[in-house]
Amino acid sequence: MAGKAKFDQEAAFKAIVGADRSQEAGTVVQPVADARKSKDRVQRSYFIDRDIDKALRRMALEEEKNLTESINEILRKGLKKYL
């Protein structure tokens, strides 16, 4: 039986970004989130109804915000007396 195929990281990268594009030396990758924001955040997982999920996603798209920002805004409004 043949051995396991090894993961080729370079091939996977080229498959994602395209073979004609490669990372240039010295390219700085910017962090996605501001360091101050991520320091004060925690990751949690909750089960929500499908219709609420669809409404949240639609709202985020219409307001041109990411889903996290939209959900935090809604929760802050709803939890105002507890914050």
# chains A, B, ... in the order shown; residues from 1 in each chain; ligands from 1
call {"tool": "residues_around", "arguments": {"residues": "segment 68-74 of chain A", "least_positions_apart": "6", "cutoff": "12 Å", "atoms": "only C-alpha atoms", "output": "ChimeraX atom specification"}}
result
/A:33,37-38,41-44,52-53,55-62,80
call {"tool": "atom_distance", "arguments": {"atom1": "atom CA of Asn66 of chain A", "atom2": "atom CA of Leu79 of chain A"}}
result
20.2 Å
call {"tool": "atom_distance", "arguments": {"atom1": "atom CA of Leu75 of chain A", "atom2": "atom CA of Ser45 of chain A"}}
result
14.6 Å
call {"tool": "atom_distance", "arguments": {"atom1": "atom CA of Tyr82 of chain A", "atom2": "atom CA of Glu64 of chain A"}}
result
27.6 Å
